[in-house]
Each structure stands twice: as C-alpha cells, then as structure tokens.
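Undergrad: Take a look at the following structure, please.
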Amino acid sequence: MITPDLNDRELQKTFGVNNKEALLKKMFTEEELQDLSAIVGEMIVTKSQAQIVDDIKNL
C-alpha cells in the first residue's frame, strides 16, 4: 500500500497505534482486509498467467 503510508508515525499517532499492522486494523474492518487480500491474490495469479503467456511467446 502506497497511500496512506502506514509507516507514517504522525498517522499512527492520530489513530492511537504504534505500528503499521495496528494502523491497518484500525483503518479497515476484518471483512475489508479479507477483500483486499483476495484482490491481491487474484492480481498475483493474473500476473503469473500473463508472465507464462509472455514466456511462451518468447520461446
């Protein structure tokens, strides 16, 4: 995640936490975090499939 910067100490202080994991949990519900995780997983699979296609084309 680029924005917001979860390492930003001022942002962490605003939310009353002291690390990026705690900030993430404050900013998103458990359900939203699961959705984000699923989306990232899909992106990884899609990228892997695209890389396989590129590799085949370059043979």
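Starting from 1 in every chain, residues are counted up; chains themselves are A, B, ... following the order of the structure tokens, and ligands are numbered from 1 as listed.
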Can you tell me which residues surround A:Val17 at a distance of at most 12 Å, considering only C-alpha atoms, apart from same-chain residues fewer than 6 positions away, and format the answer as number ranges by chain?

TA: A: 6-11, 23-27

Undergrad: Store the residues of this selection in a file with all heavy atoms, as an mmCIF file, in the first residue's frame.

TA:
data_model
loop_
_atom_site.group_PDB
_atom_site.id
_atom_site.type_symbol
_atom_site.label_atom_id
_atom_site.label_comp_id
_atom_site.auth_asym_id
_atom_site.auth_seq_id
_atom_site.Cartn_x
_atom_site.Cartn_y
_atom_site.Cartn_z
ATOM 1 N N LEU A 6 1.596 3.638 5.751
ATOM 2 C CA LEU A 6 1.323 3.019 7.048
ATOM 3 C C LEU A 6 2.484 3.166 8.022
ATOM 4 O O LEU A 6 2.312 2.971 9.218
ATOM 5 C CB LEU A 6 0.978 1.540 6.856
ATOM 6 C CG LEU A 6 -0.260 1.263 6.001
ATOM 7 C CD1 LEU A 6 -0.449 -0.238 5.821
ATOM 8 C CD2 LEU A 6 -1.501 1.888 6.597
ATOM 9 N N ASN A 7 3.659 3.534 7.524
ATOM 10 C CA ASN A 7 4.817 3.756 8.384
ATOM 11 C C ASN A 7 4.866 5.179 8.942
ATOM 12 O O ASN A 7 5.729 5.487 9.753
ATOM 13 C CB ASN A 7 6.113 3.467 7.625
ATOM 14 C CG ASN A 7 6.277 1.998 7.334
ATOM 15 O OD1 ASN A 7 6.080 1.160 8.206
ATOM 16 N ND2 ASN A 7 6.608 1.667 6.107
ATOM 17 N N ASP A 8 3.957 6.039 8.498
ATOM 18 C CA ASP A 8 3.922 7.441 8.932
ATOM 19 C C ASP A 8 3.589 7.512 10.428
ATOM 20 O O ASP A 8 2.478 7.171 10.846
ATOM 21 C CB ASP A 8 2.888 8.202 8.112
ATOM 22 C CG ASP A 8 2.821 9.678 8.439
ATOM 23 O OD1 ASP A 8 3.128 10.072 9.577
ATOM 24 O OD2 ASP A 8 2.437 10.437 7.536
ATOM 25 N N ARG A 9 4.559 7.950 11.225
ATOM 26 C CA ARG A 9 4.398 7.998 12.689
ATOM 27 C C ARG A 9 3.277 8.954 13.107
ATOM 28 O O ARG A 9 2.558 8.686 14.071
ATOM 29 C CB ARG A 9 5.710 8.410 13.365
ATOM 30 C CG ARG A 9 6.800 7.387 13.210
ATOM 31 C CD ARG A 9 6.484 6.171 14.034
ATOM 32 N NE ARG A 9 7.547 5.185 13.883
ATOM 33 C CZ ARG A 9 7.395 3.933 14.193
ATOM 34 N NH1 ARG A 9 6.266 3.494 14.675
ATOM 35 N NH2 ARG A 9 8.390 3.094 14.021
ATOM 36 N N GLU A 10 3.105 10.064 12.385
ATOM 37 C CA GLU A 10 2.033 11.011 12.721
ATOM 38 C C GLU A 10 0.667 10.385 12.483
ATOM 39 O O GLU A 10 -0.258 10.557 13.264
ATOM 40 C CB GLU A 10 2.187 12.310 11.917
ATOM 41 C CG GLU A 10 3.297 13.205 12.409
ATOM 42 C CD GLU A 10 3.081 13.672 13.841
ATOM 43 O OE1 GLU A 10 1.956 14.085 14.180
ATOM 44 O OE2 GLU A 10 4.052 13.613 14.619
ATOM 45 N N LEU A 11 0.539 9.656 11.392
ATOM 46 C CA LEU A 11 -0.720 8.974 11.089
ATOM 47 C C LEU A 11 -1.004 7.910 12.138
ATOM 48 O O LEU A 11 -2.132 7.784 12.623
ATOM 49 C CB LEU A 11 -0.666 8.359 9.689
ATOM 50 C CG LEU A 11 -1.946 7.713 9.177
ATOM 51 C CD1 LEU A 11 -3.094 8.718 9.124
ATOM 52 C CD2 LEU A 11 -1.718 7.113 7.795
ATOM 53 N N LEU A 23 -2.267 -0.041 12.658
ATOM 54 C CA LEU A 23 -2.911 1.030 11.891
ATOM 55 C C LEU A 23 -3.825 0.443 10.824
ATOM 56 O O LEU A 23 -4.961 0.888 10.651
ATOM 57 C CB LEU A 23 -1.850 1.928 11.255
ATOM 58 C CG LEU A 23 -2.361 3.074 10.389
ATOM 59 C CD1 LEU A 23 -3.284 3.994 11.173
ATOM 60 C CD2 LEU A 23 -1.191 3.849 9.802
ATOM 61 N N LEU A 24 -3.337 -0.563 10.132
ATOM 62 C CA LEU A 24 -4.141 -1.213 9.101
ATOM 63 C C LEU A 24 -5.435 -1.764 9.691
ATOM 64 O O LEU A 24 -6.516 -1.593 9.114
ATOM 65 C CB LEU A 24 -3.318 -2.334 8.458
ATOM 66 C CG LEU A 24 -3.842 -2.937 7.182
ATOM 67 C CD1 LEU A 24 -3.868 -1.909 6.072
ATOM 68 C CD2 LEU A 24 -2.981 -4.115 6.766
ATOM 69 N N LYS A 25 -5.330 -2.386 10.865
ATOM 70 C CA LYS A 25 -6.518 -2.942 11.514
ATOM 71 C C LYS A 25 -7.476 -1.866 11.997
ATOM 72 O O LYS A 25 -8.681 -2.094 12.077
ATOM 73 C CB LYS A 25 -6.099 -3.854 12.668
ATOM 74 C CG LYS A 25 -5.465 -5.136 12.182
ATOM 75 C CD LYS A 25 -5.020 -6.021 13.319
ATOM 76 C CE LYS A 25 -4.362 -7.284 12.795
ATOM 77 N NZ LYS A 25 -3.896 -8.147 13.872
ATOM 78 N N LYS A 26 -6.950 -0.685 12.310
ATOM 79 C CA LYS A 26 -7.806 0.433 12.717
ATOM 80 C C LYS A 26 -8.531 1.043 11.525
ATOM 81 O O LYS A 26 -9.657 1.503 11.634
ATOM 82 C CB LYS A 26 -6.977 1.543 13.386
ATOM 83 C CG LYS A 26 -6.633 1.289 14.807
ATOM 84 C CD LYS A 26 -7.754 1.769 15.685
ATOM 85 C CE LYS A 26 -7.271 1.781 17.127
ATOM 86 N NZ LYS A 26 -8.178 2.472 17.988
ATOM 87 N N MET A 27 -7.863 1.041 10.377
ATOM 88 C CA MET A 27 -8.403 1.707 9.195
ATOM 89 C C MET A 27 -9.415 0.856 8.434
ATOM 90 O O MET A 27 -10.301 1.391 7.772
ATOM 91 C CB MET A 27 -7.271 2.104 8.254
ATOM 92 C CG MET A 27 -6.351 3.145 8.846
ATOM 93 S SD MET A 27 -4.979 3.541 7.772
ATOM 94 C CE MET A 27 -5.817 4.431 6.483
#

Undergrad: Could you give me, as a count of residues only, each residue of chain A that DSSP assigns to alpha helix (DSSP H) when run on this structure's backbone?

TA: 43

Undergrad: Rounded to one decimal place, report the atom CA of A:Asn58-atom CA of A:Ile39 distance in Å.

TA: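 Atom CA of A:Asn58 sits 28.4 Å away from atom CA of A:Ile39.
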
Undergrad: Choose the residue, out of A:Val40, A:Ile52, A:Pro4, A:Lys57, that has the smallest atom-to-atom separation from A:Lys20; count only C-alpha atoms.

TA: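 Between A:Val40, A:Ile52, A:Pro4, A:Lys57, the residue approaching A:Lys20 most closely is A:Pro4.
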
Undergrad: May I ask for the distance between atom CA of A:Phe15 and atom CA of A:Phe28, given in Å to one decimal place?

TA: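 We find that atom CA of A:Phe15 and atom CA of A:Phe28 lie 12.0 Å from each other.
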